[in-house]
Structure formats: C-alpha cells, structure tokens
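Structure, as structure tokens:
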Amino acid sequence: MTASELSGGFAVAAWDGAHAFRAVLNAMARPGTIVALSAATGPEPISVAAATVLLTLCDRTTPLHLAGDHDNAALRTWIAFHCAAPIVAAQDAAFALGRWDALQPLDRFAIGTPEYPDRAATLIIDNHDFEGMPARLTGPGIRGTAALALPDARAFVANHARFPLGWDAILTSGRHLAALPRSTEIR
Amino acid sequence: MTDQAYNFAYLDEDTKRMIRRAILKAIAIPGYQVPFASREMPMPYGWGTGGVQVTAATLVPEDVLKVIDQGADDTTNAVSIRKFFQRTAGVATTERTRDATVIQTRHRIPETPLTEDQILVYQVPIPEPMRFLEPRETETRRIHALADYGLMQVRLYEDIARHGEIATSYAYPVEVAGRYVMDPSPIPKFDNPKLDDCPAIQLFGAGREQRIHAVPPYTRIRSLDFEDHPFIASKADHACALCGSRKSYLDEVITDDAGGRMFVCSDTDFCAENAKGDA
Amino acid sequence: MYVAVKGGERAIDAAHSWLDRARRGPAEQPVLDTAQIRDQMSLAVARVMAEGSLYDPDLAALAIKQARGDLIEAIFLIRAYRTTLPRFGASRPVKTGAMRIARRISATFKDVPGGQILGPTFDYTHRLLDFRLLADGALPATDPAEACETLPEPAPRILSFLDRDGMIETAEPDQAEPADLTREPMELPAERALRLQALARGDEGFLLGLAYSTQRGYARNHAFVGELRIGTVPVEMEIPELGFSIEIGEIELTECETVNQFKGSRTEPAQFTRGYGLTFGQTERKALSMALVDRALRWEELGEDGQGAPAQDQEFVLSHCDNIQATGFLEHIKLPHYVDFQAELELVRRLRDGSAGQEDAA
C-alpha cells in the first residue's frame, strides 16, 4: 500500500459527506444541472467527483462493480481503505463505476423489481464528456426542459421506457457531476 | 453550541449514507416508498423520527433550519426538534420561511411560496395511501407494483355517493408524475396544490414505518378526483383575526365558553409578516 | 386565547425540571441507588435488557431509575442509546446446552439426566403479601447454593432425547448469516430467524396475550414445555487477528423449548414439532410466550392450515409486537392535530349544512 492509496479521503467526514450529498441530491433532483464536487481524490483514472461520490454513498454494505480501467489494483486498494465497499460482479452491484464503454452491456445491471423498484443499480459514468451534443430532457425535477450531453441517448430512452424500473445514472468528469434518474424522458 | 458528544447532526456516517442512498432512490422514483433501516431515535416514534432522520442526513453546517408543527414554529414538538438540531448540528435556525434552506414540517406546507434553494422535509406517520383500505403491506406492495389503484377510486366514489363529495379533508391522496399514488402526509387538502410544480425538493420521512418517499422539484402532482367532482382545496371561510388574510389556512380558536371563536392563520410566520405588510 | 400555544420552549423546560423533582421524591428519603435496582429489582432489569436488546444490567438499572420505574420508557432509553453504539462484530452463537444452570424444568419427563432444578422461582410461592419485607430485608437463613449438595453440572438438552429417537422434527444448524432487523428494514414475509429476533425484543404483554390466545383455541398448537432453562453462558468472539475466539463476558439467558402438535401423514411418520424462545435475563414468561408464538407463526412451513388466527398472522404479529414503535405512535396522538382536526371540522360542518350533494361542495 502506498501513501497515495491511503490519502485523498475526506478531511472532515461528516461535513464533506454532507456537502457532497447535497450536491448529488441537487443533481439527481434537477436532471441536467451540473454541480461541482471536490472532497476526495483517488488513484487514476477515477475523477475527483466520482471519488467523492463513492465516499459519500458507498460503504461495506454497498456492493460495488468496477468496470474497465477503473478496475485496477491501486483503485481497489484505495476503495478498500476509504469506503470498504465489496467489489462484485455487475449483476450484484448497487453501484457501478467506469467509463461508459466499459460499463456496457448495461443489461447486466439490476433494474429493481415491480415490488421493489429501488433495488436497482446506480451507474457512476466517469470521465464523461459534458461538452458533447446535448440531449433535451423533460420530467420530474425539470422546469420545462433541460439539456445535458449524454454518452448514448438511446440507452437512456430505453431505460426510461421501463419506468418505474431501471438504473439511475450519475455522470462525472473532473470536479463535475450531473445525474439522470430513470424518471427523466429524453426528447 | 454543538454537543461534541455526538457526530454532526447526531447520526453516525454509516446511517447517514444509508438514508442518503434511500433519498436518492426516492427522488429517482417519485412517489414510491423506499424502505430504509430507520434507527431508533432519542424521541418517540410518531413524533417526527422519520423527518428528523431525513433532515439529519440532508443538513450541511451552513443550513438555516426552520421547524414547524401545525404551521407554527412555537408548538412544543417543533421547539423540541429545533433544539435537537441546534444542539447536535449547530445549524442556524429561523422562523422566517424565506430565510430557511431546510424546513422540517408536520401537517402543513408554508403559505409563503417555496424556492429552488429550499428543501421541505415532511414528518410522515403512515406513508401508505392504501393502508386504511388494505392494511397488509404484502398486498399494498402488489397494488403499487401493478398501479392497480381501483380500490382507491371505489372509495372516493363511495364517498360521493354517500356524502355528495369526497369526504377526505387531510392526507388527501395524490398521483405523482402520472404513476404512484402517494399520501402527502396529513396536510390539509388546502395545501395539496402547493405540492404541484413546487420549485423546492420535497422529502418525506416515516421513521416507524421505515419508508422515505420524495417529490422532485417541478413534478406534476394531481389530487385524485373525478371529472364531475373536481378536487377543491377548501378552508374555513373566514379572514384571519390577526392579520386579515383571506387566503391562508386557518386554525379555529375557542375564545370563551359561550360559543365564541376566532380564526387565525396556522402559519405563524406568514401571519406575522402579513400583519407587517411584508407577505 | 391564541397566546396559549406560545411559549413552548419555557413550558418544556419547566416540565423537565418538574419531572426531575418528581423522580427524586421527598428529599428526606434516601436516594435510590442504581446498584440496588440492578440487584433487588433484577427481573425489571431483565425485562428492560431483553426488550431493549442490550445486555447491560447497570445501564438497564439506570434507565429504570431515570424512567421512574416505567419499564417501557426505560426500554426506550436503552434502545435509543443502543443505536448510537459502534459495532465491533458478532459473537459466536452461544451454547445454551453448556449453560451454567440456575433453573431447569421439564414438563414432559418426570426425571431427566441433570435433574430438575426449581431455582429462584415464584411458582410455588403463595401469593400472600409478605409484610416482613416492609420492615427489614434480612437474608434467609440458608444460602441456596449451599442447600444444593453439588452445583449442577451442564445438563443435556431434554429435546435431544426426543430428537435421538426421531420423535421430534430435527432442527438442523443453519449456517446462513441471519439478517439484522435493527440494521435493515423488515421485509415480509420474514424468515424464522428474523421473526425470532422481532419476538425476542417484542413486548412481553403483547406476546403473552397472543400466546394465551393460541392456548384458548386461536391456532392451538398443543405446547408442552419440553424444557425451560435459566442460567449463564459465556459469550465468545472470534478475533481475526488472533485466529481464535476469546471469551468476552457472560450473560444470563432464559431458553424455552416447547414440544408441539405432531405432524405426519400416511407417507410421513408422525413427529412432534418445536417452538423456541430465547431471552436475556430471567424472563421466563416472555420466553414461554415467545415459544408459543414462534410455533404458531410456523404454520405454513409445517404445512398446516391457516386458521386466520392473530398469532398465525406474521404481518400482524411482527408489525405490532414492538412496544417502542407502538407506544410512540399511540402517544403521538397527544401532539397537536389542530390542522387536520380543523379540516375535518370544516368538512363535517359542510356536510351537515347540506350544501354537499349539490353542485359545489366548497
């Protein structure tokens, strides 16, 4: 274990966690809104925003899937030390972290059941390109319409079509974060 | 002054994370009741433990907290909960709706319109809108899964047949974003229109029943009704005896033992501001 | 007058200081020592530990003192304290078969290896007020431990004799990690392990009433007390760093195993079934009640007919057995409900006015 694997956690857990949660809550409650997060730093390639989300929401009770180059020894060690989330296969994950391409195919992730639609995965789509072509969003949390660049709008259209089932997405890059719950309609 | 013996906002970080995850799922599935592992709080179940846990998981140190019960800041349980957060979170508190960033409420939505910078946290006794039609959770869970709300329609219709109108005056059921039927907690139906298209985030916590549900901002909330019997947000047909408002929800106060009574705003902040001419 | 609802903060402070004075009682009386409560009101302490789900006689005694003897209030204090405690891990399952026994009876066999030991029981006391206790607290002439010729050895479980002959359903050890109902929301239908957890911390009075209802015919399950034992067991914890387990303390438990209604068919030989109760401290009414209710709740897995009896209805039992949930919600109706009552008042007035049923009800 190296120093960098042990560093980069929250300075004051209760306060950093509270601020980060409020930012994530605002993002999830207002799809299209981009918020800034910067309380945690992990080993490559995880962004500051995604690292902050992990420390805010994950712990030993939340199975986490690491996809693509996010599944590396240094990041695993950092996660084990800072939030202790068990690393699992995609179908068992409450949270999944990776680049969009690495998270494919998405039908591996839990979408909940009709009785318990909350038992669905939250995808943390890291290193997302917020500068891409924006999609038009409508639905709960959005006054009129909102705009947000999406990695592949069709996947989000298909995900929304099975509402109230579906996964929910958190998009991160650098210090930036946006969220797209399954309730959002893509126009 | 924060009590150093406890973590910020009382709850430990594991518990806050668990509640935060439930809140996010509740936001993602508007109106669906997310089960959460409600903790035993140092106040009784039924006295706001759900709201307190949601508030505790939501607060940041810079928040300005307002706590109301029956619309008033100075009712005993509101005082008690406000003190709890002053002591354990050290946050600033206010009685002014417009100055608050987080408002915990029991039984009312403030009269002053809420803004995008606010979160309204409701204390919820029974989150299940179908409970008194079907007490079994195993059944109501199926009802929500299938969106099979015929039982509710029948009940409302029977009300009309018997009484000539829908005989529900508070905890009036609503449909959230065209999918889940939700109990908005025991607010008077007068407050129901404020749920709809509200700029603030609305979070509902039921501690004893271990459920959290939510309404994101700008969400369509429809009070259940029939075309020929549309929903009407009613209140006592009087003006407030203190501030003169005719548009706020009123409490009835008995003033003597000879049938004397007066009507005053239930929202004490609104009433005071209105009396000053600021509302 | 409207100001009546004002001044909540001062009223609360005044109520609290009145409560403190009322708790203390007259100043000329000696103050109650929590050690006295712990040692002389030990059955109250046991109930508070059992339903508070926290084994700590000193804290339970403190809670009883603070609650002025209101045991449900004391249980509430313990529960609220318990949730704030960090968790270091889970102990190994305790071995009640190796219990150091203070009391052990069987209603199914006249004599059993290890013997029957009455222990400190009220069972055969004549319930006559003992006015000597008003005056003094003199100890009885003989020490009960001396009265026993030898201290009882760990005694084999009585149900194991039936088990050996195949006369009773086998209870295979279950290696699955049980869910923790204090850390996860209850999901219905609940497995037996979770049901037993809920019953173990459930209200004694509620379970007593339910158990009694089964005896009176609401899902009768023909319970015989196979064995009731009270005593102490060591608690061991696995220490991963050491690679072995160490004893971290000792707790008193009451365990009740009932032999119940047999099952069987043309193809399956008849066999008795089991009910189980396990509680902290000397709490035998609770352990007996728990065993009967546990057995009643098992009707489905044993292939019995549902009679619609309250004790068979797990959603009903599990949703209502917790006295802290129940008392909180019951007592919350003391809180102001002006707003909803006003809404009802106005509705009823309108319905009485007869304006309803016509064009517009507003």
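By convention here, the chains of the structure tokens are called A, B, ... in the order presented, each chain's residues are numbered starting at 1, and ligands are numbered starting at 1 in the order presented.
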- Surrounding residues of segment 86-91 of chain B excluding itself and chain neighbours under 4 positions, 10 Å, only C-alpha atoms, as a VMD selection string: chain B and resid 1 to 11 56 59 to 65 80 to 82
- Select residues of chain B: the criterion is any atom within 9 Å of an atom of chain A, counting only C-alpha atoms; output as a PyMOL selection string. chain B and resi 7-9+12-14+16-18+20-30+32-35+57-61+141-146+177+179+197+199+201+215-220
- Message: Using only C-alpha atoms, I'd like every residue of chain B that has an atom within 6 Å of chain C; please write them out as a list in words.
- Response: Phe36, Ala37, Glu40, Met41, Pro42, Pro44, Tyr45, Gly46, Trp47, Gln70, Asp74, Thr75, Thr76, Gly164, Ser169, Tyr170, Pro188 and Thr255 of chain B
Selection to disk with N, CA, C and O atoms, as an mmCIF file, in the first residue's frame:
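Saved to part-v8.cif:
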data_model
loop_
_atom_site.group_PDB
_atom_site.id
_atom_site.type_symbol
_atom_site.label_atom_id
_atom_site.label_comp_id
_atom_site.auth_asym_id
_atom_site.auth_seq_id
_atom_site.Cartn_x
_atom_site.Cartn_y
_atom_site.Cartn_z
ATOM 1 N N PHE B 36 -36.239 1.895 4.288
ATOM 2 C CA PHE B 36 -34.909 2.220 4.830
ATOM 3 C C PHE B 36 -34.843 1.734 6.265
ATOM 4 O O PHE B 36 -35.864 1.557 6.924
ATOM 5 N N ALA B 37 -33.609 1.488 6.729
ATOM 6 C CA ALA B 37 -33.408 0.913 8.062
ATOM 7 C C ALA B 37 -33.447 2.019 9.101
ATOM 8 O O ALA B 37 -32.439 2.390 9.676
ATOM 9 N N GLU B 40 -33.502 3.876 15.816
ATOM 10 C CA GLU B 40 -34.236 4.316 16.996
ATOM 11 C C GLU B 40 -33.653 5.640 17.438
ATOM 12 O O GLU B 40 -32.476 5.750 17.756
ATOM 13 N N MET B 41 -34.466 6.650 17.417
ATOM 14 C CA MET B 41 -34.002 7.993 17.697
ATOM 15 C C MET B 41 -34.286 8.340 19.150
ATOM 16 O O MET B 41 -35.104 7.695 19.797
ATOM 17 N N PRO B 42 -33.649 9.397 19.643
ATOM 18 C CA PRO B 42 -33.908 9.744 21.047
ATOM 19 C C PRO B 42 -35.222 10.495 21.248
ATOM 20 O O PRO B 42 -35.378 11.171 22.249
ATOM 21 N N PRO B 44 -39.696 9.802 20.518
ATOM 22 C CA PRO B 44 -40.554 8.648 20.234
ATOM 23 C C PRO B 44 -40.925 8.533 18.763
ATOM 24 O O PRO B 44 -41.040 9.530 18.052
ATOM 25 N N TYR B 45 -41.135 7.280 18.334
ATOM 26 C CA TYR B 45 -41.746 7.028 17.037
ATOM 27 C C TYR B 45 -43.082 7.755 16.998
ATOM 28 O O TYR B 45 -43.816 7.764 17.987
ATOM 29 N N GLY B 46 -43.399 8.335 15.857
ATOM 30 C CA GLY B 46 -44.661 9.060 15.742
ATOM 31 C C GLY B 46 -44.504 10.534 16.076
ATOM 32 O O GLY B 46 -45.427 11.313 15.917
ATOM 33 N N TRP B 47 -43.295 10.906 16.531
ATOM 34 C CA TRP B 47 -43.051 12.299 16.909
ATOM 35 C C TRP B 47 -42.035 12.932 15.967
ATOM 36 O O TRP B 47 -41.344 13.877 16.333
ATOM 37 N N GLN B 70 -47.950 22.005 12.717
ATOM 38 C CA GLN B 70 -49.237 22.677 12.520
ATOM 39 C C GLN B 70 -49.041 24.079 11.936
ATOM 40 O O GLN B 70 -49.828 24.978 12.195
ATOM 41 N N ASP B 74 -43.656 27.638 17.145
ATOM 42 C CA ASP B 74 -43.550 27.609 18.605
ATOM 43 C C ASP B 74 -44.416 26.531 19.246
ATOM 44 O O ASP B 74 -44.624 26.541 20.441
ATOM 45 N N THR B 75 -44.921 25.585 18.456
ATOM 46 C CA THR B 75 -45.604 24.448 19.069
ATOM 47 C C THR B 75 -44.543 23.563 19.718
ATOM 48 O O THR B 75 -43.395 23.521 19.265
ATOM 49 N N THR B 76 -44.942 22.894 20.787
ATOM 50 C CA THR B 76 -43.949 22.227 21.628
ATOM 51 C C THR B 76 -43.045 21.259 20.876
ATOM 52 O O THR B 76 -41.839 21.243 21.088
ATOM 53 N N GLY B 164 -72.002 13.117 -1.033
ATOM 54 C CA GLY B 164 -72.102 14.158 -2.054
ATOM 55 C C GLY B 164 -70.760 14.778 -2.405
ATOM 56 O O GLY B 164 -70.671 15.615 -3.302
ATOM 57 N N SER B 169 -60.437 15.226 4.153
ATOM 58 C CA SER B 169 -60.105 16.646 4.318
ATOM 59 C C SER B 169 -58.619 16.866 4.535
ATOM 60 O O SER B 169 -58.116 17.952 4.389
ATOM 61 N N TYR B 170 -57.893 15.803 4.901
ATOM 62 C CA TYR B 170 -56.436 15.914 5.052
ATOM 63 C C TYR B 170 -55.835 14.586 4.631
ATOM 64 O O TYR B 170 -56.570 13.609 4.456
ATOM 65 N N PRO B 188 -53.599 19.472 5.406
ATOM 66 C CA PRO B 188 -54.979 19.683 4.967
ATOM 67 C C PRO B 188 -55.005 19.707 3.446
ATOM 68 O O PRO B 188 -54.023 20.110 2.812
ATOM 69 N N THR B 255 -62.721 31.005 22.146
ATOM 70 C CA THR B 255 -62.313 32.140 22.978
ATOM 71 C C THR B 255 -63.092 32.231 24.285
ATOM 72 O O THR B 255 -62.675 32.932 25.198
#
- Item | Which residue of C:Phe272, C:Leu302, C:Asp165, C:Leu194 approaches Ala179 of chain C most closely, using only C-alpha atoms |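 Smallest distance to Ala179 of chain C is found for C:Leu194.
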- Message: When DSSP is applied to the backbone of this structure, which of segment 72-253 of chain B are assigned strand (DSSP E or B)? Write them out as number ranges by chain.
- Response: B: 72, 92-93, 102-106, 119-123, 170, 174-176, 180-182, 188, 201-206, 211-215, 221-223, 226, 229, 250-253
Can I get the selection written as a PDB file, in the first residue's frame, with C-alpha atoms?
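The resulting file, again11.pdb, is reproduced below:
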ATOM      1  CA  ALA B  72     -46.290  27.140  13.771  1.00  0.00           C
ATOM      2  CA  ALA B  92     -28.628  28.380  12.410  1.00  0.00           C
ATOM      3  CA  THR B  93     -32.375  28.377  12.841  1.00  0.00           C
ATOM      4  CA  VAL B 102     -34.280  23.372   5.078  1.00  0.00           C
ATOM      5  CA  ILE B 103     -37.769  23.302   6.568  1.00  0.00           C
ATOM      6  CA  GLN B 104     -38.971  20.338   8.579  1.00  0.00           C
ATOM      7  CA  THR B 105     -42.730  20.260   8.847  1.00  0.00           C
ATOM      8  CA  ARG B 106     -45.560  18.341  10.380  1.00  0.00           C
ATOM      9  CA  ILE B 119     -35.828  21.562   0.869  1.00  0.00           C
ATOM     10  CA  LEU B 120     -39.090  20.729   2.602  1.00  0.00           C
ATOM     11  CA  VAL B 121     -38.918  17.656   4.874  1.00  0.00           C
ATOM     12  CA  TYR B 122     -42.235  16.178   5.970  1.00  0.00           C
ATOM     13  CA  GLN B 123     -42.799  14.086   9.064  1.00  0.00           C
ATOM     14  CA  TYR B 170     -56.436  15.914   5.052  1.00  0.00           C
ATOM     15  CA  VAL B 174     -52.280  12.380  -4.894  1.00  0.00           C
ATOM     16  CA  GLU B 175     -50.856  10.871  -8.055  1.00  0.00           C
ATOM     17  CA  VAL B 176     -47.182  11.660  -8.563  1.00  0.00           C
ATOM     18  CA  TYR B 180     -47.548   6.291  -7.989  1.00  0.00           C
ATOM     19  CA  VAL B 181     -50.393   7.200  -5.683  1.00  0.00           C
ATOM     20  CA  MET B 182     -48.894   8.890  -2.636  1.00  0.00           C
ATOM     21  CA  PRO B 188     -54.979  19.683   4.967  1.00  0.00           C
ATOM     22  CA  ILE B 201     -37.260  19.434  -3.192  1.00  0.00           C
ATOM     23  CA  GLN B 202     -39.863  17.656  -1.064  1.00  0.00           C
ATOM     24  CA  LEU B 203     -38.735  14.728   1.072  1.00  0.00           C
ATOM     25  CA  PHE B 204     -40.997  12.568   3.225  1.00  0.00           C
ATOM     26  CA  GLY B 205     -39.694  10.508   6.145  1.00  0.00           C
ATOM     27  CA  ALA B 206     -41.662   7.852   8.025  1.00  0.00           C
ATOM     28  CA  ARG B 211     -40.097   4.463   4.476  1.00  0.00           C
ATOM     29  CA  ILE B 212     -38.803   7.509   2.609  1.00  0.00           C
ATOM     30  CA  HIS B 213     -40.536   8.989  -0.394  1.00  0.00           C
ATOM     31  CA  ALA B 214     -39.902  12.113  -2.383  1.00  0.00           C
ATOM     32  CA  VAL B 215     -41.208  14.591  -4.892  1.00  0.00           C
ATOM     33  CA  ILE B 221     -48.910  16.251  -8.517  1.00  0.00           C
ATOM     34  CA  ARG B 222     -52.579  15.581  -9.155  1.00  0.00           C
ATOM     35  CA  SER B 223     -55.024  15.289  -6.277  1.00  0.00           C
ATOM     36  CA  PHE B 226     -63.407  12.776 -10.819  1.00  0.00           C
ATOM     37  CA  HIS B 229     -66.393  16.069  -8.829  1.00  0.00           C
ATOM     38  CA  LEU B 250     -56.872  28.978   9.476  1.00  0.00           C
ATOM     39  CA  ASP B 251     -56.931  27.461  12.937  1.00  0.00           C
ATOM     40  CA  GLU B 252     -60.111  27.835  14.895  1.00  0.00           C
ATOM     41  CA  VAL B 253     -59.595  29.154  18.413  1.00  0.00           C
TER      42      VAL B 253
END
- Task: Just list the residues in segment 48-212 of chain C DSSP gives helix (DSSP H, G or I) on the backbone, as a PyMOL selection string.
- Result: chain C and resi 48-52+57-66+71-82+96-98+132-135+144-147+159-164+192-200+204-212
- Task: Kindly give the distance, in Å, that separates atom CA of Phe280 of chain C and atom CA of Thr15 of chain B, rounded to a single decimal.
- Result: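 It comes out at 26.6 Å.
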- Item | Contacts of Asp101 of chain A within 12 Å, only C-alpha atoms, excl. fewer than 5 positions in-chain, as a VMD selection string | chain A and resid 67 to 70 106 125 to 128 151 to 152 155
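One distance worth recording is that between atom CA of Gly281 of chain C and atom CA of Gly207 of chain B, which is 29.3 Å.
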Skipping near chain neighbours, those fewer than 6 positions away, what residues fall within 12 Å of Ala107 of chain C using only C-alpha atoms, listed as a tab-separated table (two decimals) with N, CA and C atoms, in the first residue's frame?
chain	number	residue	atom	x	y	z
C	116	GLN	N	-34.13	-31.89	37.68
C	116	GLN	CA	-34.98	-30.70	37.60
C	116	GLN	C	-34.56	-29.77	38.73
C	158	ILE	N	-33.13	-31.55	26.92
C	158	ILE	CA	-34.13	-32.59	27.04
C	158	ILE	C	-34.69	-32.97	25.67
C	159	LEU	N	-34.83	-31.98	24.78
C	159	LEU	CA	-35.37	-32.30	23.45
C	159	LEU	C	-34.44	-33.21	22.65
C	223	ALA	N	-48.86	-27.02	23.13
C	223	ALA	CA	-47.49	-26.85	23.59
C	223	ALA	C	-47.25	-27.56	24.92
C	224	PHE	N	-46.20	-28.37	24.95
C	224	PHE	CA	-45.65	-28.88	26.21
C	224	PHE	C	-44.32	-28.19	26.43
C	225	VAL	N	-44.05	-27.82	27.66
C	225	VAL	CA	-42.74	-27.25	27.93
C	225	VAL	C	-41.74	-28.40	28.01
C	226	GLY	N	-41.06	-28.63	26.90
C	226	GLY	CA	-40.04	-29.68	26.87
C	226	GLY	C	-38.95	-29.34	27.87
C	227	GLU	N	-38.54	-28.09	27.81
C	227	GLU	CA	-37.52	-27.65	28.76
C	227	GLU	C	-37.53	-26.14	28.87
C	228	LEU	N	-37.40	-25.69	30.10
C	228	LEU	CA	-37.19	-24.27	30.35
C	228	LEU	C	-35.93	-24.18	31.19
C	229	ARG	N	-34.95	-23.47	30.71
C	229	ARG	CA	-33.71	-23.35	31.49
C	229	ARG	C	-33.26	-21.90	31.60
C	256	CYS	N	-36.49	-21.45	26.26
C	256	CYS	CA	-37.66	-22.32	26.36
C	256	CYS	C	-37.81	-23.10	25.06
C	257	GLU	N	-37.85	-24.41	25.20
C	257	GLU	CA	-38.11	-25.25	24.03
C	257	GLU	C	-39.42	-25.98	24.27
C	258	THR	N	-40.35	-25.79	23.35
C	258	THR	CA	-41.63	-26.48	23.51
C	258	THR	C	-41.72	-27.65	22.54
C	259	VAL	N	-42.46	-28.65	22.98
C	259	VAL	CA	-42.78	-29.81	22.13
C	259	VAL	C	-44.23	-29.63	21.74
